[in-house]
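Worksheet for the structure shown next.
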Amino acid sequence: MSESSSNFIHDIIEADFAAGRRRLVTRFPPEPNGYLHIGHAKSICLNFGLAEKYGGQCNLRFDDTNPCTEEEEYVTAIQRDVRWLGFDWQDRLCFASDYFERLYEWAEQLIRAGKAYVCDLSPDEMADYRGNYYRKGRPSPFRDRSVEENLDLFRRMRAGEFPDGSKTLRAKIDMSSQNMNLRDPPMYRIRHVPHHRTGHAWCIYPTYDWAHGQCDAIEGVTHSICTLEFENHRPLYDWFLRELGIADPPRQIEFARLNLSYTVLSKRKLIQLVQQGHVNGWDDPRMPTLAGLRRRGYTPESIRAFCERIGVSRADSLVDVGLLENAVRDDLNRRAPRVMGVLHPLRVVLTNFPPGQTIELEAPLHPEDPSFGTRTLRLSRELYIERDDFRENPPNKWFRLAPGREVRLRYACLITCQEVVRDPHTGEIVELRCTWDPASRGGQAPDGRRVQGTSHWVSAEDSVPAEVRLYDRLFTCEDPGAQEDFLAYLNPASLTVLSGCRVEPMLAQASPGASFQFERLGYFCVDPDTRPGHLVFNRTVTLKDSWAKIEKKEQASRLASAGGPGTPRG
RNA sequence: UGGGGCGUCGACAAGUGGUAAGUCACGGGUCUUUGGUACCCGCAUCCGCAGGUUCGAAUCCUGCCGCCCCAGCCA
């Protein structure tokens with residue numbers, strides 16, 4: 001493993017080791033109430049990466065303390081995603097629910113120590129008694145119940161004698177604390193709801209705040225790494241650990257969660273996108289979920305590289321999604337075989353090519369890596385090129401096809417456009433009639449003449465049809481999560497389905513998930529919707545397009561010199 | 001009117017008193033049968049602002065400004 005760039009957590013851990021600590025145990029603690037997303041990947045890479053780096057171990061622990069929102073489906077999906085990312089928790093699959101009995105015993109211990117009490121306040125009353133940022137709280141009228149009464153009530157809570165919400169067990173800490181978390185926070189609530197793992201065994205469930213630190217302690221977690229919003233809770237976690245007399249408690253370290261531009265990363269919002277049908281499920285390729293990214297064609301390696309590059313700090317940030325895109329391009333450039341696919345086919349007839357004849361050409365599957373081998377291309381009289389590769393009135397610096405211009409067909413030959421055929425009614429260009437230079441077979445100019453443009457192409461006869469799904473950012477603004485109504489910024493053009501595409505015949509055999517570079521266009525992978533006779537590709541990411549940049553610049557300068565700035569159009 | 005954090009290039013992010021790493025983006029160039037890749041060059045006299053300490057500060061001190069989190073029986 002290459003050395004990652006340093007971060008403040010490394011410093012803390014190294015200082016702990018220097019001070020005598022022997023081992024490192026971390027954990028990734030998801031709640032099974034949604035799918036994992038790229039933000040979780042940051043945490044996963046951090047926690048498992050730390051364990052790897054310092055020879056420790058990292059557990060996968062489900063913080064399943066709230067049966068109202070959690071489901072088995074998520075438990076399964078989360079495990080699949082962590083494994084897919086490339087991490088292994090071995091036999092350390094843990095659940096907070098496995099510790100419910102131990103947590104219960106600890107709760108009784110606190111009651112006996114006079115540090116916890118059963119409270120009959122309703123949620124509204126409790127909020128009122130708690131006060132606010134500027135006003136201290138008042139003690140609950142039930143705060144001074146005797147140990148015996150508390151014990152009796154708590155046991156009866158467990159036994160199911162009271163309705164939902166009628167009572168809570170609260171820590172007795174400090175109603176006037178400046179830290180709201182210490183104003184006698186609830187430890188248990190009554191929920192007559194079955195749990196996906198413990199079934200009907202419990203009708204009282206521990207709160208996350210009560211459970212988390214102790215769960216870490218049970219597992220021997222040495223460094224409990226979490227996001228910044230839990231920093232305010234740390235004094236509470238430390239209080240529990242201290243009052244319980246737990247030796248060698250975990251040390252909590254907070255870092256800033258990931259924000260990615262042009263998407264949302266909050267579970268609430270993601271679940272909304274799914275449930276309201278703005279996307280087609282958790283694995284919609286436009287989703288920032290690991291399932292979505294996987295279906296989109298992102299590799300685990302690229303996601304890990306991304307997490308490595310963004311670093312870890314305590315400063316709020318909004319990472320440019322371009323960084324993620326660059327990470328996949330970088331990875332796929334090395335590992336994706338090159339093929340040709342035409343998204344918007346334009347028929348080309350080679351008028352001087354012998355009818356019925358076919359020339360076979362060997363083409364490398366990766367120009368920089370011969371180990372990929374080659375495949376056979378068949379050139380015949382009729383073929384398709386990309387509509388965008390032809391311009392009847394070529395702009396400045398254009399070196400693709402145009403009337404009278406010569407261009408190279410990748411790995412095939414040089415052709416010159418002689419005639420443009422249009423639909424007599426619509427005027428649409430339907431065909432190009434070109435001549436080829438038979439001496440240029442393979443694409444080499446026989447006399448060394450310079451032909452700058454190279455186009456991808458596909459044989460009209462033996463190419464196969466395909467559906468191609470083009471994705472764009474899900475939102476039109478950089479930080480939709482910060483807007484009042486993030487749904488108002490959904491990008492209506494986030495998905496474009498192209499149905500008349502043509503690809504090389506070898507792709508008919510490709511299996512779902514396989515990635516390819518369609519030369520000059522981008523990286524595409526086979527979607528699981530693919531059926532025999534119906535190929536479906538997802539565009540993972542485009543290639544960098546410097547022509548687009550040049551054209552944009554030319555247009556801008558033309559506009560500037562012609563009409564001056566700000567000339568309205570249309 | 002409280003408490004806890006954070007502010008270094010367009011976006012991330014190193015740096016921990018000795019004179020501003022790296023990545024992405026951006027600009028320029030070389031190479032090129034992908035206007036892809038690769039490679040080369042450039043890109044913060046300055047570290048939220050203002051004072052102070054020091055031979056010397058992004059790093060220490062003081063004050064100010066800005067942003068984030070906290071009033072769920074969510075996590």
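In the structure tokens, each chain is lettered A, B, ... as it comes, each chain's residues begin at 1, and ligands are numbered from 1 in order of appearance.
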For G51 (chain B): contacts at 12 Å, only C-alpha atoms (C1' of nucleotides), fewer than 2 positions along chain excluded, given as JSON, numbers by chain: {"B": [49, 53, 61, 62, 63, 64]}
Extract the full set of strand (DSSP E or B) residues from region 228-428 of chain A according to DSSP on the backbone, and format it as JSON, numbers by chain. {"A": [251, 252, 253, 254, 255, 260, 289, 319, 338, 339, 341, 342, 345, 346, 347, 348, 349, 350, 359, 360, 361, 362, 363, 364, 374, 375, 376, 377, 378, 379, 382, 383, 384, 385, 386, 390, 401, 406, 407, 408, 409, 413, 414, 415, 416, 417, 418, 419, 420, 421, 422]}
Please dump the current selection as a short mmCIF file (atom, residue, chain, number, x, y, z; two decimals), in the first residue's frame; keep N, CA and C atoms.
```cif
data_model
loop_
_atom_site.label_atom_id
_atom_site.label_comp_id
_atom_site.auth_asym_id
_atom_site.auth_seq_id
_atom_site.Cartn_x
_atom_site.Cartn_y
_atom_site.Cartn_z
N ARG A 251 -11.53 6.03 22.49
CA ARG A 251 -11.28 7.45 22.33
C ARG A 251 -11.97 7.93 21.06
N GLN A 252 -12.85 8.88 21.21
CA GLN A 252 -13.59 9.36 20.03
C GLN A 252 -12.85 10.46 19.30
N ILE A 253 -12.80 10.32 17.99
CA ILE A 253 -12.16 11.34 17.14
C ILE A 253 -13.15 11.70 16.04
N GLU A 254 -13.40 12.99 15.89
CA GLU A 254 -14.37 13.42 14.87
C GLU A 254 -13.68 14.00 13.64
N PHE A 255 -14.28 13.76 12.48
CA PHE A 255 -13.78 14.35 11.23
C PHE A 255 -14.96 14.90 10.45
N LEU A 260 -20.42 16.37 -1.60
CA LEU A 260 -20.01 16.28 -3.00
C LEU A 260 -20.88 17.23 -3.82
N THR A 289 -25.09 6.62 -4.24
CA THR A 289 -24.95 5.40 -3.43
C THR A 289 -23.88 4.51 -4.04
N VAL A 319 -16.63 18.90 -1.91
CA VAL A 319 -15.67 18.37 -2.86
C VAL A 319 -16.24 18.40 -4.28
N ARG A 338 -10.50 -1.11 -25.22
CA ARG A 338 -11.00 -0.12 -26.17
C ARG A 338 -11.83 -0.80 -27.24
N VAL A 339 -12.98 -0.22 -27.50
CA VAL A 339 -13.82 -0.69 -28.58
C VAL A 339 -14.43 0.54 -29.24
N GLY A 341 -18.01 2.38 -30.62
CA GLY A 341 -19.46 2.41 -30.58
C GLY A 341 -19.89 3.76 -31.16
N VAL A 342 -20.95 3.74 -31.93
CA VAL A 342 -21.44 4.98 -32.53
C VAL A 342 -22.79 5.32 -31.91
N PRO A 345 -25.60 7.39 -35.19
CA PRO A 345 -25.04 6.89 -36.44
C PRO A 345 -25.39 7.74 -37.66
N LEU A 346 -24.38 7.95 -38.50
CA LEU A 346 -24.58 8.61 -39.78
C LEU A 346 -23.99 7.66 -40.83
N ARG A 347 -24.84 7.28 -41.79
CA ARG A 347 -24.40 6.30 -42.78
C ARG A 347 -23.33 6.88 -43.71
N VAL A 348 -22.32 6.07 -43.96
CA VAL A 348 -21.27 6.46 -44.90
C VAL A 348 -21.15 5.35 -45.94
N VAL A 349 -21.17 5.74 -47.21
CA VAL A 349 -20.98 4.75 -48.28
C VAL A 349 -19.65 5.04 -48.96
N LEU A 350 -18.82 4.02 -49.01
CA LEU A 350 -17.52 4.15 -49.67
C LEU A 350 -17.74 3.80 -51.14
N ILE A 359 -12.98 -6.36 -45.65
CA ILE A 359 -11.56 -6.44 -45.27
C ILE A 359 -11.49 -6.62 -43.75
N GLU A 360 -10.72 -7.58 -43.31
CA GLU A 360 -10.56 -7.81 -41.87
C GLU A 360 -9.31 -7.11 -41.37
N LEU A 361 -9.45 -6.45 -40.25
CA LEU A 361 -8.33 -5.70 -39.70
C LEU A 361 -8.16 -6.05 -38.22
N GLU A 362 -6.92 -6.20 -37.81
CA GLU A 362 -6.67 -6.49 -36.41
C GLU A 362 -6.47 -5.16 -35.67
N ALA A 363 -7.18 -4.99 -34.58
CA ALA A 363 -7.03 -3.75 -33.84
C ALA A 363 -6.77 -4.05 -32.37
N PRO A 364 -5.82 -3.34 -31.78
CA PRO A 364 -5.49 -3.59 -30.37
C PRO A 364 -6.66 -3.21 -29.46
N THR A 374 -6.01 -8.31 -29.19
CA THR A 374 -6.63 -7.58 -30.29
C THR A 374 -8.00 -8.17 -30.61
N ARG A 375 -8.74 -7.46 -31.42
CA ARG A 375 -9.98 -8.01 -31.95
C ARG A 375 -10.02 -7.66 -33.43
N THR A 376 -10.93 -8.33 -34.16
CA THR A 376 -11.00 -8.12 -35.60
C THR A 376 -12.08 -7.12 -35.96
N LEU A 377 -11.71 -6.18 -36.82
CA LEU A 377 -12.67 -5.20 -37.33
C LEU A 377 -12.96 -5.55 -38.78
N ARG A 378 -14.21 -5.43 -39.20
CA ARG A 378 -14.54 -5.74 -40.60
C ARG A 378 -14.98 -4.48 -41.33
N LEU A 379 -14.21 -4.14 -42.33
CA LEU A 379 -14.53 -2.95 -43.11
C LEU A 379 -15.20 -3.35 -44.41
N GLU A 382 -20.37 -0.14 -46.61
CA GLU A 382 -21.22 0.77 -45.83
C GLU A 382 -20.87 0.73 -44.35
N LEU A 383 -20.86 1.88 -43.77
CA LEU A 383 -20.52 1.92 -42.35
C LEU A 383 -21.21 3.11 -41.70
N TYR A 384 -21.02 3.23 -40.39
CA TYR A 384 -21.58 4.36 -39.66
C TYR A 384 -20.46 5.11 -38.96
N ILE A 385 -20.59 6.43 -38.99
CA ILE A 385 -19.70 7.23 -38.15
C ILE A 385 -20.60 8.08 -37.25
N GLU A 386 -19.97 8.76 -36.33
CA GLU A 386 -20.71 9.62 -35.40
C GLU A 386 -21.18 10.87 -36.14
N PHE A 390 -19.07 14.93 -38.33
CA PHE A 390 -19.19 15.57 -39.65
C PHE A 390 -19.81 16.95 -39.49
N LEU A 401 -14.43 15.24 -40.28
CA LEU A 401 -14.94 15.18 -41.64
C LEU A 401 -15.80 16.39 -42.03
N GLU A 406 -10.47 15.05 -45.80
CA GLU A 406 -10.06 13.66 -45.59
C GLU A 406 -9.86 13.40 -44.10
N VAL A 407 -10.25 12.21 -43.71
CA VAL A 407 -10.15 11.87 -42.30
C VAL A 407 -9.79 10.38 -42.20
N ARG A 408 -9.29 9.98 -41.04
CA ARG A 408 -8.93 8.56 -40.87
C ARG A 408 -10.03 7.84 -40.11
N LEU A 409 -10.34 6.66 -40.56
CA LEU A 409 -11.22 5.79 -39.76
C LEU A 409 -10.28 4.98 -38.90
N CYS A 413 -8.78 3.03 -42.49
CA CYS A 413 -8.31 3.62 -43.74
C CYS A 413 -8.60 5.12 -43.74
N LEU A 414 -8.16 5.79 -44.80
CA LEU A 414 -8.45 7.21 -44.95
C LEU A 414 -9.61 7.36 -45.92
N ILE A 415 -10.52 8.24 -45.59
CA ILE A 415 -11.64 8.47 -46.49
C ILE A 415 -11.80 9.98 -46.73
N THR A 416 -12.37 10.30 -47.90
CA THR A 416 -12.61 11.70 -48.24
C THR A 416 -14.09 11.87 -48.56
N CYS A 417 -14.66 12.89 -48.01
CA CYS A 417 -16.09 13.11 -48.21
C CYS A 417 -16.33 13.79 -49.57
N GLN A 418 -17.11 13.13 -50.42
CA GLN A 418 -17.36 13.67 -51.76
C GLN A 418 -18.74 14.28 -51.90
N GLU A 419 -19.69 13.77 -51.13
CA GLU A 419 -21.06 14.19 -51.38
C GLU A 419 -21.92 14.02 -50.13
N VAL A 420 -22.82 14.95 -49.95
CA VAL A 420 -23.74 14.89 -48.82
C VAL A 420 -25.13 14.59 -49.35
N VAL A 421 -25.75 13.54 -48.82
CA VAL A 421 -27.09 13.18 -49.26
C VAL A 421 -28.10 13.57 -48.20
N ARG A 422 -29.13 14.28 -48.63
CA ARG A 422 -30.12 14.73 -47.66
C ARG A 422 -31.48 14.13 -47.95
#
```
Hey, what does DSSP flag as alpha helix (DSSP H) within region 271-475 of chain A? Can you give it to me as a PyMOL selection string? chain A and resi 271-275+290-296+300-310+321-335
Please produce, as JSON lines, a per-residue contact table for chain B versus chain A (criterion: any atom at most 9 Å away, only C-alpha atoms (C1' of nucleotides) considered), showing the nearest atom pair and its distance in Å to one decimal, sorted by chain then residue number.
```
{"residue": "B:U1", "atom": "C1'", "partner": "A:Tyr134", "partner_atom": "CA", "distance": 6.0}
{"residue": "B:G2", "atom": "C1'", "partner": "A:Tyr134", "partner_atom": "CA", "distance": 4.7}
{"residue": "B:G3", "atom": "C1'", "partner": "A:Gln178", "partner_atom": "CA", "distance": 5.3}
{"residue": "B:G4", "atom": "C1'", "partner": "A:Asn232", "partner_atom": "CA", "distance": 6.0}
{"residue": "B:G5", "atom": "C1'", "partner": "A:Leu228", "partner_atom": "CA", "distance": 7.9}
{"residue": "B:C6", "atom": "C1'", "partner": "A:Ala315", "partner_atom": "CA", "distance": 5.3}
{"residue": "B:G7", "atom": "C1'", "partner": "A:Ala315", "partner_atom": "CA", "distance": 7.9}
{"residue": "B:A11", "atom": "C1'", "partner": "A:Asp320", "partner_atom": "CA", "distance": 5.4}
{"residue": "B:C12", "atom": "C1'", "partner": "A:Ile310", "partner_atom": "CA", "distance": 5.5}
{"residue": "B:A13", "atom": "C1'", "partner": "A:Gly311", "partner_atom": "CA", "distance": 6.6}
{"residue": "B:A14", "atom": "C1'", "partner": "A:Ser6", "partner_atom": "CA", "distance": 7.3}
{"residue": "B:G22", "atom": "C1'", "partner": "A:Ser5", "partner_atom": "CA", "distance": 8.6}
{"residue": "B:U23", "atom": "C1'", "partner": "A:Arg309", "partner_atom": "CA", "distance": 6.4}
{"residue": "B:C24", "atom": "C1'", "partner": "A:Leu323", "partner_atom": "CA", "distance": 5.4}
{"residue": "B:A25", "atom": "C1'", "partner": "A:Gly322", "partner_atom": "CA", "distance": 8.2}
{"residue": "B:U33", "atom": "C1'", "partner": "A:Arg410", "partner_atom": "CA", "distance": 5.9}
{"residue": "B:U34", "atom": "C1'", "partner": "A:Arg520", "partner_atom": "CA", "distance": 4.8}
{"residue": "B:G35", "atom": "C1'", "partner": "A:Trp547", "partner_atom": "CA", "distance": 5.0}
{"residue": "B:G36", "atom": "C1'", "partner": "A:Arg520", "partner_atom": "CA", "distance": 6.3}
{"residue": "B:U37", "atom": "C1'", "partner": "A:Asn333", "partner_atom": "CA", "distance": 7.3}
{"residue": "B:C67", "atom": "C1'", "partner": "A:Asp316", "partner_atom": "CA", "distance": 8.7}
{"residue": "B:C68", "atom": "C1'", "partner": "A:Asp316", "partner_atom": "CA", "distance": 6.9}
{"residue": "B:C69", "atom": "C1'", "partner": "A:Glu229", "partner_atom": "CA", "distance": 5.5}
{"residue": "B:C70", "atom": "C1'", "partner": "A:Asn232", "partner_atom": "CA", "distance": 6.8}
{"residue": "B:A71", "atom": "C1'", "partner": "A:Asn132", "partner_atom": "CA", "distance": 4.6}
{"residue": "B:C73", "atom": "C1'", "partner": "A:Arg189", "partner_atom": "CA", "distance": 5.1}
{"residue": "B:C74", "atom": "C1'", "partner": "A:Asn66", "partner_atom": "CA", "distance": 8.2}
{"residue": "B:A75", "atom": "C1'", "partner": "A:Tyr208", "partner_atom": "CA", "distance": 6.5}
```
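The closest residue to Glu101 (chain A), picked from A:Val25, A:Thr198, A:Glu71, A:Gly34 and counting only C-alpha atoms, is A:Thr198.
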